[in-house]
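Source file: target_13.cif (mmCIF, C-alpha atoms)
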```cif
data_final
loop_
_atom_site.label_atom_id
_atom_site.label_comp_id
_atom_site.auth_asym_id
_atom_site.auth_seq_id
_atom_site.Cartn_x
_atom_site.Cartn_y
_atom_site.Cartn_z
CA MET T 63 -14.82 -15.16 -13.02
CA SER T 64 -11.82 -13.46 -14.60
CA ALA T 65 -11.56 -9.71 -14.12
CA VAL T 66 -10.14 -9.23 -17.62
CA GLN T 67 -10.30 -11.38 -20.73
CA LEU T 68 -8.55 -10.00 -23.76
CA ALA T 69 -7.17 -10.85 -27.18
CA LEU T 70 -5.59 -7.72 -28.65
CA ILE T 71 -3.40 -6.98 -31.66
CA THR T 72 -1.86 -3.66 -32.60
CA GLU T 73 1.09 -2.43 -34.64
CA LEU T 74 3.31 0.60 -34.08
CA GLY T 75 5.73 0.91 -36.95
CA SER T 76 7.74 -2.32 -37.03
CA PHE T 77 6.56 -3.33 -33.53
CA ARG T 78 3.66 -5.77 -33.25
CA LEU T 79 1.74 -6.57 -30.07
CA ALA T 80 -0.29 -9.79 -30.06
CA VAL T 81 -1.51 -10.84 -26.62
CA GLU T 82 -4.24 -13.16 -25.33
CA LEU T 83 -4.81 -13.25 -21.56
CA SER T 84 -7.34 -14.16 -18.90
CA LEU T 85 -6.51 -12.25 -15.71
CA PRO T 86 -7.84 -12.88 -12.17
CA ALA T 87 -10.63 -10.84 -10.62
CA HIS T 88 -8.69 -10.03 -7.45
CA GLY T 89 -5.23 -8.91 -6.46
CA ILE T 90 -2.36 -7.44 -8.45
CA THR T 91 -1.46 -8.64 -11.92
CA VAL T 92 2.05 -7.53 -12.88
CA LEU T 93 3.11 -7.08 -16.51
CA PHE T 94 6.88 -7.53 -16.40
CA GLY T 95 9.58 -7.31 -19.03
CA GLN T 96 12.36 -5.20 -20.43
CA SER T 97 11.76 -1.73 -21.84
CA GLY T 98 10.14 -1.93 -25.28
CA CYS T 99 8.54 -5.35 -24.77
CA GLY T 100 4.97 -4.01 -25.06
CA LYS T 101 3.86 -3.70 -21.41
CA THR T 102 2.78 -0.06 -21.59
CA THR T 103 1.31 -0.53 -25.08
CA LEU T 104 -0.90 -3.32 -23.73
CA LEU T 105 -1.96 -1.15 -20.78
CA ARG T 106 -2.85 1.70 -23.15
CA CYS T 107 -4.88 -0.70 -25.30
CA ILE T 108 -6.84 -1.77 -22.21
CA ALA T 109 -7.43 1.89 -21.35
CA GLY T 110 -8.56 2.71 -24.91
CA LEU T 111 -5.66 5.13 -25.38
CA GLN T 112 -4.11 2.97 -28.13
CA THR T 113 -6.09 1.59 -31.06
CA ALA T 114 -6.09 -2.20 -31.23
CA ASN T 115 -8.08 -4.95 -32.92
CA GLY T 116 -9.63 -7.72 -30.91
CA TYR T 117 -11.70 -8.40 -27.82
CA LEU T 118 -11.74 -7.00 -24.29
CA ARG T 119 -14.09 -7.90 -21.45
CA VAL T 120 -13.83 -6.52 -17.92
CA GLY T 121 -16.07 -8.27 -15.42
CA ASP T 122 -19.49 -8.57 -17.06
CA SER T 123 -18.92 -5.66 -19.45
CA ILE T 124 -17.72 -5.89 -23.03
CA TRP T 125 -15.40 -2.94 -23.66
CA GLN T 126 -14.33 -3.99 -27.14
CA ASN T 127 -15.31 -6.51 -29.79
CA ASP T 128 -16.12 -6.57 -33.52
CA LYS T 129 -19.21 -4.43 -32.96
CA LYS T 130 -18.16 -1.90 -30.29
CA ASN T 131 -15.15 -0.12 -28.87
CA LEU T 132 -15.79 2.01 -25.81
CA PRO T 133 -13.87 5.31 -25.68
CA THR T 134 -11.54 5.84 -22.72
CA HIS T 135 -13.95 8.06 -20.77
CA ARG T 136 -16.56 5.26 -20.78
CA ARG T 137 -14.15 2.59 -19.53
CA GLU T 138 -14.33 2.39 -15.74
CA ILE T 139 -10.62 2.64 -15.06
CA GLY T 140 -8.25 4.44 -12.76
CA TYR T 141 -4.90 5.20 -14.39
CA VAL T 142 -1.67 6.06 -12.55
CA PHE T 143 1.20 7.19 -14.79
CA GLN T 144 4.95 7.38 -14.18
CA GLU T 145 4.46 11.06 -13.40
CA SER T 146 1.72 11.90 -10.93
CA SER T 147 -0.11 14.31 -13.33
CA LEU T 148 -1.80 16.21 -10.50
CA PHE T 149 -3.49 19.52 -11.18
CA PRO T 150 -0.87 22.06 -10.02
CA HIS T 151 -3.45 24.77 -9.23
CA LEU T 152 -5.44 22.50 -6.89
CA SER T 153 -4.61 21.44 -3.35
CA VAL T 154 -4.28 17.77 -2.48
CA GLU T 155 -7.81 17.79 -1.10
CA ASP T 156 -9.22 19.37 -4.27
CA ASN T 157 -7.28 16.94 -6.47
CA LEU T 158 -8.87 14.07 -4.52
CA HIS T 159 -12.36 15.56 -4.74
CA TYR T 160 -11.91 15.98 -8.50
CA GLY T 161 -11.57 12.21 -8.78
CA TYR T 162 -14.36 11.57 -6.30
CA ARG T 163 -16.88 13.86 -8.06
CA ARG T 164 -16.35 12.06 -11.38
CA THR T 165 -18.39 9.15 -10.01
CA ALA T 166 -22.14 9.32 -9.45
CA LYS T 167 -23.03 8.95 -5.76
CA LYS T 168 -24.97 5.74 -6.29
CA GLN T 169 -21.87 4.18 -7.90
CA GLN T 170 -19.33 5.29 -5.28
CA ARG T 171 -17.95 2.20 -3.58
CA VAL T 172 -14.70 3.68 -2.26
CA ASN T 173 -14.86 5.88 0.83
CA ILE T 174 -12.78 9.05 0.60
CA ASP T 175 -11.86 9.07 4.30
CA GLU T 176 -10.79 5.42 4.07
CA VAL T 177 -8.47 6.16 1.13
CA ILE T 178 -7.00 9.23 2.85
CA ALA T 179 -6.27 7.10 5.92
CA LEU T 180 -4.95 4.15 3.89
CA LEU T 181 -2.42 6.32 2.03
CA GLU T 182 -1.72 8.59 5.04
CA LEU T 183 -2.63 11.83 3.30
CA LYS T 184 -4.54 13.72 6.01
CA HIS T 185 -1.60 15.97 6.93
CA LEU T 186 -1.07 16.81 3.24
CA LEU T 187 -4.62 17.86 2.29
CA ALA T 188 -3.91 21.62 2.33
CA CYS T 189 -0.65 21.28 0.35
CA TYR T 190 -0.18 21.92 -3.35
CA PRO T 191 1.68 19.51 -5.67
CA ASN T 192 4.82 21.67 -5.82
CA GLN T 193 5.09 21.34 -2.02
CA LEU T 194 5.16 17.54 -2.10
CA SER T 195 7.95 15.00 -2.56
CA GLY T 196 7.79 12.60 -5.53
CA GLY T 197 6.53 9.79 -3.34
CA GLN T 198 3.84 11.99 -1.79
CA ARG T 199 2.64 13.08 -5.23
CA GLN T 200 2.33 9.45 -6.33
CA ARG T 201 0.33 8.58 -3.21
CA VAL T 202 -2.08 11.40 -4.07
CA ALA T 203 -2.27 10.21 -7.68
CA ILE T 204 -3.07 6.65 -6.53
CA ALA T 205 -5.74 7.97 -4.14
CA ARG T 206 -7.31 10.12 -6.86
CA ALA T 207 -7.47 7.14 -9.22
CA LEU T 208 -9.10 4.97 -6.53
CA LEU T 209 -11.73 7.59 -5.78
CA THR T 210 -13.20 7.22 -9.27
CA THR T 211 -14.36 3.77 -8.06
CA PRO T 212 -12.76 1.98 -11.00
CA LYS T 213 -13.52 -1.57 -12.06
CA LEU T 214 -9.84 -1.80 -12.91
CA LEU T 215 -6.81 0.15 -11.66
CA LEU T 216 -4.02 0.52 -14.23
CA MET T 217 -0.55 1.51 -13.01
CA ASP T 218 2.22 2.29 -15.51
CA GLU T 219 5.61 2.12 -13.76
CA PRO T 220 4.42 4.42 -10.95
CA LEU T 221 7.73 4.10 -9.07
CA ALA T 222 10.09 4.72 -12.00
CA ALA T 223 10.86 8.34 -11.04
CA LEU T 224 11.38 7.68 -7.31
CA ASP T 225 14.57 7.01 -5.36
CA MET T 226 15.01 3.72 -3.47
CA ASP T 227 13.56 5.07 -0.23
CA GLY T 228 10.54 6.50 -2.04
CA LYS T 229 9.99 3.21 -3.86
CA ALA T 230 10.14 1.21 -0.63
CA ARG T 231 7.53 3.44 1.04
CA ILE T 232 5.12 3.32 -1.90
CA LEU T 233 5.47 -0.47 -2.14
CA LEU T 234 4.29 -0.71 1.46
CA TYR T 235 1.24 1.40 0.62
CA LEU T 236 0.49 -0.75 -2.42
CA GLN T 237 0.58 -3.87 -0.27
CA LYS T 238 -1.89 -2.25 2.14
CA LEU T 239 -4.07 -1.25 -0.81
CA HIS T 240 -4.01 -4.82 -2.07
CA LYS T 241 -5.21 -6.19 1.26
CA GLN T 242 -7.92 -3.65 2.07
CA LEU T 243 -9.55 -2.73 -1.26
CA GLN T 244 -11.08 -5.30 -3.60
CA ILE T 245 -10.12 -3.56 -6.85
CA PRO T 246 -8.10 -5.60 -9.38
CA VAL T 247 -4.85 -3.93 -10.38
CA ILE T 248 -2.75 -4.28 -13.54
CA TYR T 249 0.74 -3.03 -12.72
CA VAL T 250 3.50 -2.45 -15.29
CA THR T 251 7.17 -2.62 -14.29
CA HIS T 252 10.60 -3.55 -15.64
CA ALA T 253 11.94 -3.92 -12.06
CA LEU T 254 12.09 -7.56 -10.96
CA GLU T 255 12.02 -6.57 -7.27
CA GLU T 256 8.65 -4.85 -7.73
CA ALA T 257 7.28 -7.76 -9.76
CA THR T 258 8.20 -10.46 -7.23
CA ARG T 259 7.09 -8.35 -4.29
CA LEU T 260 3.67 -7.34 -5.58
CA ALA T 261 2.49 -9.98 -8.05
CA ASP T 262 -0.39 -12.27 -7.22
CA TYR T 263 -0.39 -13.09 -10.93
CA LEU T 264 2.67 -12.48 -13.11
CA VAL T 265 2.82 -11.99 -16.87
CA ILE T 266 6.30 -11.90 -18.43
CA MET T 267 6.43 -10.21 -21.84
CA ASP T 268 9.02 -9.97 -24.59
CA LYS T 269 8.82 -8.54 -28.12
CA GLY T 270 5.06 -7.94 -27.94
CA GLN T 271 4.18 -11.44 -26.77
CA VAL T 272 3.61 -13.33 -23.51
CA LEU T 273 6.54 -15.54 -22.52
CA ALA T 274 5.04 -16.89 -19.30
CA LYS T 275 2.07 -16.33 -17.00
CA GLY T 276 0.74 -17.63 -13.69
CA THR T 277 1.44 -17.12 -10.00
CA ALA T 278 4.84 -15.64 -9.21
CA ASN T 279 6.08 -19.09 -8.15
CA GLU T 280 4.72 -20.87 -11.23
CA THR T 281 6.14 -18.24 -13.57
CA LEU T 282 9.63 -17.69 -12.17
CA SER T 283 10.23 -21.45 -11.90
CA GLN T 284 9.69 -22.00 -15.63
CA PRO T 285 12.90 -23.24 -17.27
CA ASN T 286 12.62 -21.44 -20.62
CA LEU T 287 12.92 -17.85 -19.32
CA PRO T 288 16.06 -15.87 -20.17
CA LYS T 289 18.29 -15.14 -17.17
CA SER T 290 18.59 -11.54 -18.39
CA LEU T 291 14.94 -11.12 -17.36
CA THR T 292 14.67 -13.17 -14.18
CA GLN T 293 18.28 -13.28 -12.88
CA GLY T 294 18.01 -17.06 -12.78
CA ILE T 295 15.44 -19.77 -12.16
CA SER T 296 13.85 -19.56 -8.71
CA VAL T 297 10.78 -20.16 -6.58
CA VAL T 298 8.76 -17.66 -4.58
CA ILE T 299 7.36 -18.79 -1.24
CA ASP T 300 4.68 -17.03 0.81
CA ALA T 301 5.29 -17.59 4.52
CA VAL T 302 4.29 -16.34 7.96
CA ILE T 303 6.65 -15.36 10.79
CA GLY T 304 6.05 -17.89 13.55
CA GLU T 305 8.91 -17.23 15.95
CA ILE T 306 11.59 -14.64 16.69
CA ASP T 307 15.00 -15.75 17.99
CA SER T 308 16.16 -12.49 19.57
CA ALA T 309 19.44 -14.02 20.79
CA TRP T 310 20.60 -14.69 17.22
CA HIS T 311 18.52 -12.00 15.45
CA LEU T 312 16.70 -14.57 13.36
CA ALA T 313 13.07 -15.10 12.42
CA LYS T 314 11.31 -18.38 11.62
CA ALA T 315 9.34 -18.14 8.35
CA GLU T 316 6.77 -20.95 8.24
CA PHE T 317 5.21 -22.17 4.99
CA ALA T 318 3.25 -25.15 3.65
CA GLY T 319 5.88 -27.85 4.03
CA GLY T 320 8.35 -26.51 6.56
CA TYR T 321 10.12 -23.39 7.75
CA LEU T 322 13.22 -21.31 7.06
CA TRP T 323 15.30 -19.21 9.40
CA ILE T 324 15.91 -15.75 7.95
CA LYS T 325 17.47 -12.55 9.26
CA ASP T 326 15.13 -10.72 11.59
CA GLN T 327 14.07 -7.36 10.17
CA TYR T 328 11.91 -6.24 13.09
CA PHE T 329 9.21 -8.72 12.12
CA GLN T 330 6.08 -9.34 14.15
CA ARG T 331 4.75 -12.82 14.85
CA GLY T 332 2.02 -13.62 12.36
CA GLN T 333 3.44 -11.20 9.78
CA ALA T 334 3.17 -12.39 6.17
CA VAL T 335 6.42 -12.41 4.19
CA ARG T 336 7.43 -13.49 0.69
CA LEU T 337 10.76 -15.20 0.01
CA ARG T 338 12.62 -15.90 -3.23
CA ILE T 339 14.98 -18.89 -3.42
CA PHE T 340 17.27 -19.27 -6.43
CA ALA T 341 17.91 -22.80 -7.67
CA ARG T 342 21.65 -22.07 -7.62
CA ASP T 343 21.42 -21.54 -3.83
CA VAL T 344 19.99 -25.01 -3.14
CA SER T 345 22.04 -28.17 -2.56
CA LEU T 346 20.82 -31.72 -2.01
CA ALA T 347 21.93 -34.53 0.31
CA LYS T 348 20.81 -38.12 0.88
CA GLN T 349 21.67 -37.92 4.56
CA CYS T 350 21.19 -35.10 7.02
CA GLY T 351 24.46 -34.44 8.82
CA GLU T 352 26.20 -31.57 10.55
CA SER T 353 26.40 -28.53 8.32
CA SER T 354 26.85 -24.77 8.53
CA MET T 355 23.57 -24.40 6.63
CA GLN T 356 20.76 -24.00 9.15
CA ASN T 357 17.92 -24.46 6.66
CA THR T 358 17.52 -28.15 5.82
CA LEU T 359 14.17 -29.46 4.61
CA SER T 360 12.92 -32.96 3.84
CA GLY T 361 11.24 -33.63 0.52
CA ASN T 362 10.82 -35.93 -2.46
CA ILE T 363 12.17 -35.56 -5.98
CA GLU T 364 9.36 -34.96 -8.48
CA ASN T 365 11.33 -34.51 -11.67
CA ILE T 366 14.83 -34.07 -13.07
CA SER T 367 15.03 -31.99 -16.23
CA ALA T 368 17.74 -30.71 -18.54
CA ASP T 369 19.15 -27.20 -18.16
CA ASN T 370 20.11 -24.86 -20.99
CA HIS T 371 23.75 -25.88 -20.42
CA PRO T 372 24.71 -29.54 -21.00
CA ALA T 373 26.66 -29.68 -17.72
CA LEU T 374 23.61 -28.78 -15.60
CA ALA T 375 20.32 -30.32 -14.50
CA ARG T 376 17.29 -28.93 -12.69
CA VAL T 377 15.87 -31.00 -9.86
CA HIS T 378 12.25 -30.37 -8.82
CA ILE T 379 11.62 -31.27 -5.17
CA ARG T 380 8.25 -31.28 -3.41
CA VAL T 381 8.52 -30.19 0.23
CA GLY T 382 5.03 -30.67 1.64
CA GLN T 383 2.86 -28.59 -0.71
CA THR T 384 5.76 -26.38 -1.80
CA LEU T 385 7.96 -26.74 -4.87
CA ILE T 386 11.72 -26.15 -4.46
CA LEU T 387 14.18 -26.15 -7.38
CA ALA T 388 17.86 -27.08 -7.28
CA GLU T 389 20.41 -26.48 -10.03
CA LEU T 390 23.07 -29.22 -9.98
CA THR T 391 25.71 -30.56 -12.32
CA ASN T 392 24.79 -33.75 -14.11
CA LYS T 393 27.91 -35.24 -12.50
CA ALA T 394 26.42 -34.54 -9.04
CA VAL T 395 23.07 -36.04 -10.07
CA ASN T 396 24.87 -39.18 -11.22
CA ALA T 397 27.10 -39.39 -8.13
CA LEU T 398 24.08 -39.20 -5.81
CA ALA T 399 22.09 -41.56 -8.06
CA LEU T 400 19.13 -39.17 -7.92
CA ALA T 401 15.84 -40.37 -9.42
CA ASN T 402 12.19 -39.40 -9.42
CA GLY T 403 10.46 -40.37 -6.19
CA ASN T 404 13.64 -40.41 -4.08
CA PRO T 405 13.43 -38.89 -0.61
CA ILE T 406 16.00 -36.10 -0.32
CA PHE T 407 17.26 -33.45 2.09
CA VAL T 408 17.17 -29.92 0.71
CA GLN T 409 19.78 -27.49 2.00
CA ILE T 410 19.08 -23.82 1.32
CA LYS T 411 22.08 -21.49 1.40
CA SER T 412 20.07 -18.29 1.31
CA ALA T 413 16.48 -17.11 0.97
CA GLY T 414 16.03 -13.50 -0.11
CA LEU T 415 13.25 -11.49 1.48
CA VAL T 416 10.97 -10.09 -1.22
CA ARG T 417 8.46 -8.50 1.15
#
```

Could you rewrite the structure in this file as structure tokens?
Amino acid sequence: MSAVQLALITELGSFRLAVELSLPAHGITVLFGQSGCGKTTLLRCIAGLQTANGYLRVGDSIWQNDKKNLPTHRREIGYVFQESSLFPHLSVEDNLHYGYRRTAKKQQRVNIDEVIALLELKHLLACYPNQLSGGQRQRVAIARALLTTPKLLLMDEPLAALDMDGKARILLYLQKLHKQLQIPVIYVTHALEEATRLADYLVIMDKGQVLAKGTANETLSQPNLPKSLTQGISVVIDAVIGEIDSAWHLAKAEFAGGYLWIKDQYFQRGQAVRLRIFARDVSLAKQCGESSMQNTLSGNIENISADNHPALARVHIRVGQTLILAELTNKAVNALALANGNPIFVQIKSAGLVR
């Protein structure tokens, strides 16, 4: 069952939001797009903070339809804003207990000690918000939201005010949260790095509408997306570290269909990683010969489609169960006599580590 089914319409001056979505019951759904595209407006509509017409169901509960519209305090949500919004006169511990006490004991499904351990807050419990860094305040805000035992956790650009180091640390905590707590999350961001790193399900928005939706791989590989949003067509691959080559400081990332050697970043064997491969960084060959590129995979061409530019073509290659995209000139496609069904060697110049 979907965690969230919605069809919502609202207008703010000349801006119009019209969105219909069915979102998964588990994991992190990321709403991604440029500033002003409607991400936060949609989140506020889900929370009941912005008036909208339409339908909203969360789990088995109808929150909004033609006959009812639950106020915000009756919607079982946790909400994390760009600013942490902690009570300045309360310690960290009291801020957490404020969230915890909002939920009746029989409905509490999140353990306070578990959340404190998960977000590494024990040493901060006696501190007040003005004694914390920005990243520490956001960790407390996330914990407080979780302790209300929400059916849905809404996060509105929670890393926007943090520096790069603070963002990196919070992203690690969010990945731990994703793995250990079964609470669906809707996460708003305009940062592509956050979207590709966190998204189990990705929704790309523009001008109040949905441009694309699906898994990160399905969405970022769609040909009609503007490069200003996605930095270019690509695929996202989830892999596991299977081997460490300490002599050359490389790690072997294994996925359904093959493996790629990437720079070792103190990985552990068995560690899950996510990689992003741009189509422009993929070349194709009919024979596998000596090359400086260490990552060569064997696959079959599924489809050759037109690019936005008449000089270019996109080649879709299936490597085992994994889709790889290559961006070639039409001249190269013709010279190699590429066609659907052809076996082909895929040479990958670089694979960027997303997480």

Hey, which bits of segment 217-313 of chain T sit within 6 Å of segment 83-99 of chain T, and for each residue what's the closest pair of atoms and how far apart in Å (one decimal), counting only C-alpha atoms, rows by chain and increasing number, as JSON lines?
```
{"residue": "T:Pro246", "atom": "CA", "partner": "T:His88", "partner_atom": "CA", "distance": 4.9}
{"residue": "T:Val247", "atom": "CA", "partner": "T:Ile90", "partner_atom": "CA", "distance": 4.7}
{"residue": "T:Ile248", "atom": "CA", "partner": "T:Thr91", "partner_atom": "CA", "distance": 4.8}
{"residue": "T:Tyr249", "atom": "CA", "partner": "T:Val92", "partner_atom": "CA", "distance": 4.7}
{"residue": "T:Val250", "atom": "CA", "partner": "T:Leu93", "partner_atom": "CA", "distance": 4.8}
{"residue": "T:Thr251", "atom": "CA", "partner": "T:Phe94", "partner_atom": "CA", "distance": 5.4}
{"residue": "T:His252", "atom": "CA", "partner": "T:Gly95", "partner_atom": "CA", "distance": 5.2}
{"residue": "T:Ala261", "atom": "CA", "partner": "T:Val92", "partner_atom": "CA", "distance": 5.4}
{"residue": "T:Asp262", "atom": "CA", "partner": "T:Ile90", "partner_atom": "CA", "distance": 5.4}
{"residue": "T:Tyr263", "atom": "CA", "partner": "T:Thr91", "partner_atom": "CA", "distance": 4.7}
{"residue": "T:Leu264", "atom": "CA", "partner": "T:Val92", "partner_atom": "CA", "distance": 5.0}
{"residue": "T:Val265", "atom": "CA", "partner": "T:Leu93", "partner_atom": "CA", "distance": 4.9}
{"residue": "T:Ile266", "atom": "CA", "partner": "T:Phe94", "partner_atom": "CA", "distance": 4.9}
{"residue": "T:Met267", "atom": "CA", "partner": "T:Gly95", "partner_atom": "CA", "distance": 5.1}
{"residue": "T:Asp268", "atom": "CA", "partner": "T:Cys99", "partner_atom": "CA", "distance": 4.6}
{"residue": "T:Lys269", "atom": "CA", "partner": "T:Cys99", "partner_atom": "CA", "distance": 4.6}
{"residue": "T:Gly270", "atom": "CA", "partner": "T:Cys99", "partner_atom": "CA", "distance": 5.4}
```

Residues matched by the PyMOL selection byres ((chain T and resi 67-74) around 6) as a PDB file with C-alpha atoms, in the frame of the given file:
```
ATOM      1  CA  VAL T  66     -10.140  -9.230 -17.620  1.00  0.00           C
ATOM      2  CA  GLY T  75       5.730   0.910 -36.950  1.00  0.00           C
ATOM      3  CA  PHE T  77       6.560  -3.330 -33.530  1.00  0.00           C
ATOM      4  CA  ARG T  78       3.660  -5.770 -33.250  1.00  0.00           C
ATOM      5  CA  LEU T  79       1.740  -6.570 -30.070  1.00  0.00           C
ATOM      6  CA  ALA T  80      -0.290  -9.790 -30.060  1.00  0.00           C
ATOM      7  CA  VAL T  81      -1.510 -10.840 -26.620  1.00  0.00           C
ATOM      8  CA  GLU T  82      -4.240 -13.160 -25.330  1.00  0.00           C
ATOM      9  CA  LEU T  83      -4.810 -13.250 -21.560  1.00  0.00           C
ATOM     10  CA  SER T  84      -7.340 -14.160 -18.900  1.00  0.00           C
ATOM     11  CA  ALA T 114      -6.090  -2.200 -31.230  1.00  0.00           C
ATOM     12  CA  ASN T 115      -8.080  -4.950 -32.920  1.00  0.00           C
ATOM     13  CA  GLY T 116      -9.630  -7.720 -30.910  1.00  0.00           C
ATOM     14  CA  TYR T 117     -11.700  -8.400 -27.820  1.00  0.00           C
ATOM     15  CA  LEU T 118     -11.740  -7.000 -24.290  1.00  0.00           C
ATOM     16  CA  ARG T 119     -14.090  -7.900 -21.450  1.00  0.00           C
TER      17      ARG T 119
END
```

Can I get the residues of segment 247-315 of chain T within 12 Å of segment 382-393 of chain T, each with the closest pair of atoms and their distance in Å to one decimal, using all atoms listed in the file, sorted chain first then ascending number, as a tab-separated table?
```
residue	atom	partner	partner_atom	distance
T:Asn279	CA	T:Leu385	CA	8.5
T:Glu280	CA	T:Leu385	CA	9.2
T:Leu282	CA	T:Leu387	CA	10.7
T:Ser283	CA	T:Leu387	CA	7.6
T:Gln284	CA	T:Leu387	CA	10.3
T:Pro285	CA	T:Leu387	CA	10.4
T:Gly294	CA	T:Glu389	CA	10.1
T:Ile295	CA	T:Leu387	CA	8.1
T:Ser296	CA	T:Leu387	CA	6.7
T:Val297	CA	T:Ile386	CA	6.4
T:Val298	CA	T:Ile386	CA	9.0
T:Ile299	CA	T:Thr384	CA	7.8
T:Asp300	CA	T:Thr384	CA	9.8
T:Ala301	CA	T:Thr384	CA	10.8
```

The residue from T:Ile379, T:Leu186, T:Ala205, T:Leu254 with the smallest atom-to-atom distance to Ile363 of chain T, counting only C-alpha atoms, is T:Ile379

If the PyMOL selection byres ((chain T and resi 319) around 10) were run on this exact file, what residues would it hold? Put them as a VMD selection string. chain T and resid 316 to 318 320 to 321 359 to 361 380 to 385

Those same residues - C-alpha atoms - I'd like them written as an mmCIF file, keeping the file's coordinate frame.
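Heads up, here's the output in out-v5.cif:
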```
data_model
loop_
_atom_site.group_PDB
_atom_site.id
_atom_site.type_symbol
_atom_site.label_atom_id
_atom_site.label_comp_id
_atom_site.auth_asym_id
_atom_site.auth_seq_id
_atom_site.Cartn_x
_atom_site.Cartn_y
_atom_site.Cartn_z
ATOM 1 C CA GLU T 316 6.770 -20.950 8.240
ATOM 2 C CA PHE T 317 5.210 -22.170 4.990
ATOM 3 C CA ALA T 318 3.250 -25.150 3.650
ATOM 4 C CA GLY T 320 8.350 -26.510 6.560
ATOM 5 C CA TYR T 321 10.120 -23.390 7.750
ATOM 6 C CA LEU T 359 14.170 -29.460 4.610
ATOM 7 C CA SER T 360 12.920 -32.960 3.840
ATOM 8 C CA GLY T 361 11.240 -33.630 0.520
ATOM 9 C CA ARG T 380 8.250 -31.280 -3.410
ATOM 10 C CA VAL T 381 8.520 -30.190 0.230
ATOM 11 C CA GLY T 382 5.030 -30.670 1.640
ATOM 12 C CA GLN T 383 2.860 -28.590 -0.710
ATOM 13 C CA THR T 384 5.760 -26.380 -1.800
ATOM 14 C CA LEU T 385 7.960 -26.740 -4.870
#
```

Target residues per the PyMOL selection byres ((chain T and resi 215) around 8), formatted as a VMD selection string: chain T and resid 139 to 142 207 to 208 212 to 214 216 to 217 245 to 248

Pairwise distance for atom CA of Ala334 of chain T and atom CA of Leu233 of chain T, rounded to one decimal in Å: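 Computing it gives 14.7 Å between the two atoms.
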
Point out the residue among T:His151, T:Arg376, T:Ala313, T:Ser412 with the least atom-to-atom distance to Met355 of chain T, counting all atoms listed in the file.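 Answer, going by the shortest atom-to-atom distance: T:Ser412.
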
Can you pull out every residue within 7 Å of segment 168-185 of chain T, counting all atoms listed in the file, but drop anything in the same chain fewer than 3 positions away, and send it as a PyMOL selection string? chain T and resi 165+201+205+209+211+235

Of T:Ile410, T:Ala399, T:Val302, T:Leu273, the one sitting nearest Ser353 of chain T when using all atoms listed in the file is T:Ile410
